[in-house]
Amino acid sequence: MTEEQYIKERIDDQIKWYSNKATTNKLLNHWTKGAIIVFSAAIPLLAGLDFCTGLKNVILGILGALIAILSGLSGLLKFQEKWTEYRTTSETLKHEKILFQTKTGPYSEETEPFKLLVTRTENLVSKEHSAWSQYINKQN
């Protein structure tokens with residue numbers, strides 16, 4: 001595999017994957033937290049309104065249940081943690097690629113910079129995969 005192929009097929013693909021996952025988890029985190037805030041603020045507002053007591057109690061119960069569900073899902077699925085981990089991995093891969101392409105940092109005096117790039121990149125991806133595996137196994 002050539003340097004160009006490796007960068008395009010491995011590094012760029014991984015950067016894109018981690019970046020997309022980071023964006024998705026960021027959106028899910030913001031939506032769940034935002035909904036929790038809105039539903040929490042709505043409860044005392046609705047409780048203070050004078051309208052059909054039975055309907056009001058149902059609405060308040062639904063809002064409370066939604067808050068519990070969203071809080072539980074947010075904690076279980078760890079949107080914020082995954083968002084930051086995926087973004088960090090994506091940015092680290094970008095950083096590594098730039099260092100290699102500019103022959104700076106650890107690549108400046110390396111006799112075989114491509115081998116070092118592959119080693120460092122694969123270690124990073126492997127570390128992320130290992131952390132994911134531990135997280136999955138911990139939940140089972």
# chains A, B, ... in the order shown; residues from 1 in each chain; ligands from 1
>>> residues_around(residues="range 2-9 of chain A", least_positions_apart="5", cutoff="9 Å", atoms="only C-alpha atoms", output="PyMOL selection string")
chain A and resi 14+97+114+118
>>> select_by_dssp(residues="range 66-110 of chain A", states="alpha helix (DSSP H)", output="PyMOL selection string")
chain A and resi 66-77+79-102
>>> atom_distance(atom1="CA of Tyr18 in chain A", atom2="CA of Ser90 in chain A")
5.3 Å
>>> closest_residue(among="A:Phe79, A:Phe100, A:Tyr86, A:Tyr107", to="Thr32 in chain A", atoms="only C-alpha atoms")
A:Phe79
>>> closest_residue(among="A:Ser40, A:Asn20, A:Thr89, A:Asn57", to="Glu128 in chain A", atoms="only C-alpha atoms")
A:Thr89
>>> closest_residue(among="A:Thr92, A:Ser126, A:Thr121, A:Asn29", to="Leu70 in chain A", atoms="only C-alpha atoms")
A:Asn29
>>> residues_around(residues="Leu63 in chain A", least_positions_apart="5", cutoff="9 Å", atoms="only C-alpha atoms", output="PDB file with N, CA and C atoms, in the first residue's frame")
ATOM      1  N   PHE A  39     -38.848  20.230  29.203  1.00  0.00           N
ATOM      2  CA  PHE A  39     -39.870  19.477  29.929  1.00  0.00           C
ATOM      3  C   PHE A  39     -39.849  19.808  31.421  1.00  0.00           C
ATOM      4  N   SER A  40     -38.655  19.975  31.976  1.00  0.00           N
ATOM      5  CA  SER A  40     -38.540  20.321  33.402  1.00  0.00           C
ATOM      6  C   SER A  40     -39.131  21.696  33.686  1.00  0.00           C
ATOM      7  N   ALA A  42     -41.463  23.106  31.929  1.00  0.00           N
ATOM      8  CA  ALA A  42     -42.896  23.073  31.658  1.00  0.00           C
ATOM      9  C   ALA A  42     -43.703  22.534  32.833  1.00  0.00           C
ATOM     10  N   ILE A  43     -43.117  21.664  33.628  1.00  0.00           N
ATOM     11  CA  ILE A  43     -43.861  21.045  34.730  1.00  0.00           C
ATOM     12  C   ILE A  43     -44.390  22.082  35.733  1.00  0.00           C
ATOM     13  N   VAL A  58     -52.294  14.087  33.798  1.00  0.00           N
ATOM     14  CA  VAL A  58     -51.777  13.189  32.753  1.00  0.00           C
ATOM     15  C   VAL A  58     -50.584  13.842  32.048  1.00  0.00           C
ATOM     16  N   ALA A  68     -37.457  11.326  32.838  1.00  0.00           N
ATOM     17  CA  ALA A  68     -36.775  10.133  33.356  1.00  0.00           C
ATOM     18  C   ALA A  68     -36.204   9.289  32.209  1.00  0.00           C
TER      19      ALA A  68
END
>>> residues_around(residues="Leu28 in chain A", least_positions_apart="3", cutoff="10 Å", atoms="only C-alpha atoms", output="list of chain:residue names")
A:Ala22, A:Thr23, A:Thr24, A:Asn25, A:Trp31, A:Thr32, A:Lys33, A:Gly34, A:Ser74, A:Leu77, A:Lys78, A:Phe79, A:Gln80, A:Trp83
>>> atom_distance(atom1="CA of His129 in chain A", atom2="CA of Glu85 in chain A")
11.3 Å
>>> decode(residues="range 25-55 of chain A", atoms="N, CA and C atoms", output="PDB file, in the first residue's frame")
ATOM      1  N   ASN A  25     -23.331  12.206  17.951  1.00  0.00           N
ATOM      2  CA  ASN A  25     -23.440  12.143  19.409  1.00  0.00           C
ATOM      3  C   ASN A  25     -23.585  13.530  20.029  1.00  0.00           C
ATOM      4  N   LYS A  26     -22.980  14.534  19.425  1.00  0.00           N
ATOM      5  CA  LYS A  26     -23.143  15.908  19.903  1.00  0.00           C
ATOM      6  C   LYS A  26     -24.604  16.339  19.756  1.00  0.00           C
ATOM      7  N   LEU A  27     -25.175  16.070  18.584  1.00  0.00           N
ATOM      8  CA  LEU A  27     -26.578  16.424  18.358  1.00  0.00           C
ATOM      9  C   LEU A  27     -27.506  15.681  19.313  1.00  0.00           C
ATOM     10  N   LEU A  28     -27.294  14.380  19.480  1.00  0.00           N
ATOM     11  CA  LEU A  28     -28.126  13.605  20.400  1.00  0.00           C
ATOM     12  C   LEU A  28     -27.984  14.117  21.832  1.00  0.00           C
ATOM     13  N   ASN A  29     -26.773  14.470  22.223  1.00  0.00           N
ATOM     14  CA  ASN A  29     -26.547  15.006  23.561  1.00  0.00           C
ATOM     15  C   ASN A  29     -27.294  16.325  23.746  1.00  0.00           C
ATOM     16  N   HIS A  30     -27.166  17.216  22.782  1.00  0.00           N
ATOM     17  CA  HIS A  30     -27.828  18.522  22.895  1.00  0.00           C
ATOM     18  C   HIS A  30     -29.348  18.390  22.857  1.00  0.00           C
ATOM     19  N   TRP A  31     -29.862  17.519  21.993  1.00  0.00           N
ATOM     20  CA  TRP A  31     -31.310  17.339  21.923  1.00  0.00           C
ATOM     21  C   TRP A  31     -31.868  16.740  23.210  1.00  0.00           C
ATOM     22  N   THR A  32     -31.215  15.725  23.744  1.00  0.00           N
ATOM     23  CA  THR A  32     -31.741  15.119  24.977  1.00  0.00           C
ATOM     24  C   THR A  32     -31.649  16.095  26.144  1.00  0.00           C
ATOM     25  N   LYS A  33     -30.529  16.781  26.275  1.00  0.00           N
ATOM     26  CA  LYS A  33     -30.384  17.746  27.364  1.00  0.00           C
ATOM     27  C   LYS A  33     -31.356  18.917  27.195  1.00  0.00           C
ATOM     28  N   GLY A  34     -31.519  19.388  25.964  1.00  0.00           N
ATOM     29  CA  GLY A  34     -32.461  20.477  25.700  1.00  0.00           C
ATOM     30  C   GLY A  34     -33.895  20.084  26.012  1.00  0.00           C
ATOM     31  N   ALA A  35     -34.286  18.870  25.606  1.00  0.00           N
ATOM     32  CA  ALA A  35     -35.642  18.394  25.890  1.00  0.00           C
ATOM     33  C   ALA A  35     -35.861  18.258  27.391  1.00  0.00           C
ATOM     34  N   ILE A  36     -34.859  17.768  28.094  1.00  0.00           N
ATOM     35  CA  ILE A  36     -34.972  17.643  29.561  1.00  0.00           C
ATOM     36  C   ILE A  36     -35.197  19.017  30.194  1.00  0.00           C
ATOM     37  N   ILE A  37     -34.473  20.013  29.730  1.00  0.00           N
ATOM     38  CA  ILE A  37     -34.626  21.368  30.259  1.00  0.00           C
ATOM     39  C   ILE A  37     -36.029  21.902  29.971  1.00  0.00           C
ATOM     40  N   VAL A  38     -36.486  21.756  28.734  1.00  0.00           N
ATOM     41  CA  VAL A  38     -37.808  22.265  28.352  1.00  0.00           C
ATOM     42  C   VAL A  38     -38.904  21.552  29.134  1.00  0.00           C
ATOM     43  N   PHE A  39     -38.848  20.230  29.203  1.00  0.00           N
ATOM     44  CA  PHE A  39     -39.870  19.477  29.929  1.00  0.00           C
ATOM     45  C   PHE A  39     -39.849  19.808  31.421  1.00  0.00           C
ATOM     46  N   SER A  40     -38.655  19.975  31.976  1.00  0.00           N
ATOM     47  CA  SER A  40     -38.540  20.321  33.402  1.00  0.00           C
ATOM     48  C   SER A  40     -39.131  21.696  33.686  1.00  0.00           C
ATOM     49  N   ALA A  41     -38.890  22.636  32.784  1.00  0.00           N
ATOM     50  CA  ALA A  41     -39.437  23.980  32.964  1.00  0.00           C
ATOM     51  C   ALA A  41     -40.953  23.998  32.766  1.00  0.00           C
ATOM     52  N   ALA A  42     -41.463  23.106  31.929  1.00  0.00           N
ATOM     53  CA  ALA A  42     -42.896  23.073  31.658  1.00  0.00           C
ATOM     54  C   ALA A  42     -43.703  22.534  32.833  1.00  0.00           C
ATOM     55  N   ILE A  43     -43.117  21.664  33.628  1.00  0.00           N
ATOM     56  CA  ILE A  43     -43.861  21.045  34.730  1.00  0.00           C
ATOM     57  C   ILE A  43     -44.390  22.082  35.733  1.00  0.00           C
ATOM     58  N   PRO A  44     -43.545  22.957  36.300  1.00  0.00           N
ATOM     59  CA  PRO A  44     -44.109  23.923  37.250  1.00  0.00           C
ATOM     60  C   PRO A  44     -45.046  24.933  36.581  1.00  0.00           C
ATOM     61  N   LEU A  45     -44.781  25.239  35.325  1.00  0.00           N
ATOM     62  CA  LEU A  45     -45.649  26.159  34.602  1.00  0.00           C
ATOM     63  C   LEU A  45     -47.050  25.563  34.449  1.00  0.00           C
ATOM     64  N   LEU A  46     -47.109  24.331  33.988  1.00  0.00           N
ATOM     65  CA  LEU A  46     -48.403  23.663  33.823  1.00  0.00           C
ATOM     66  C   LEU A  46     -49.085  23.405  35.162  1.00  0.00           C
ATOM     67  N   ALA A  47     -48.301  23.090  36.174  1.00  0.00           N
ATOM     68  CA  ALA A  47     -48.873  22.814  37.497  1.00  0.00           C
ATOM     69  C   ALA A  47     -49.589  24.044  38.053  1.00  0.00           C
ATOM     70  N   GLY A  48     -49.112  25.215  37.674  1.00  0.00           N
ATOM     71  CA  GLY A  48     -49.718  26.455  38.165  1.00  0.00           C
ATOM     72  C   GLY A  48     -50.925  26.911  37.382  1.00  0.00           C
ATOM     73  N   LEU A  49     -51.171  26.304  36.234  1.00  0.00           N
ATOM     74  CA  LEU A  49     -52.325  26.692  35.418  1.00  0.00           C
ATOM     75  C   LEU A  49     -53.597  26.040  35.950  1.00  0.00           C
ATOM     76  N   ASP A  50     -54.696  26.746  35.759  1.00  0.00           N
ATOM     77  CA  ASP A  50     -55.975  26.245  36.243  1.00  0.00           C
ATOM     78  C   ASP A  50     -56.783  25.725  35.056  1.00  0.00           C
ATOM     79  N   PHE A  51     -56.679  24.436  34.794  1.00  0.00           N
ATOM     80  CA  PHE A  51     -57.499  23.801  33.768  1.00  0.00           C
ATOM     81  C   PHE A  51     -57.776  22.366  34.195  1.00  0.00           C
ATOM     82  N   CYS A  52     -58.478  21.647  33.437  1.00  0.00           N
ATOM     83  CA  CYS A  52     -58.942  20.291  33.745  1.00  0.00           C
ATOM     84  C   CYS A  52     -57.896  19.502  34.534  1.00  0.00           C
ATOM     85  N   THR A  53     -58.200  19.240  35.790  1.00  0.00           N
ATOM     86  CA  THR A  53     -57.240  18.595  36.690  1.00  0.00           C
ATOM     87  C   THR A  53     -56.802  17.230  36.178  1.00  0.00           C
ATOM     88  N   GLY A  54     -57.719  16.440  35.688  1.00  0.00           N
ATOM     89  CA  GLY A  54     -57.368  15.105  35.189  1.00  0.00           C
ATOM     90  C   GLY A  54     -56.397  15.171  34.029  1.00  0.00           C
ATOM     91  N   LEU A  55     -56.684  16.033  33.053  1.00  0.00           N
ATOM     92  CA  LEU A  55     -55.815  16.192  31.889  1.00  0.00           C
ATOM     93  C   LEU A  55     -54.460  16.759  32.308  1.00  0.00           C
TER      94      LEU A  55
END
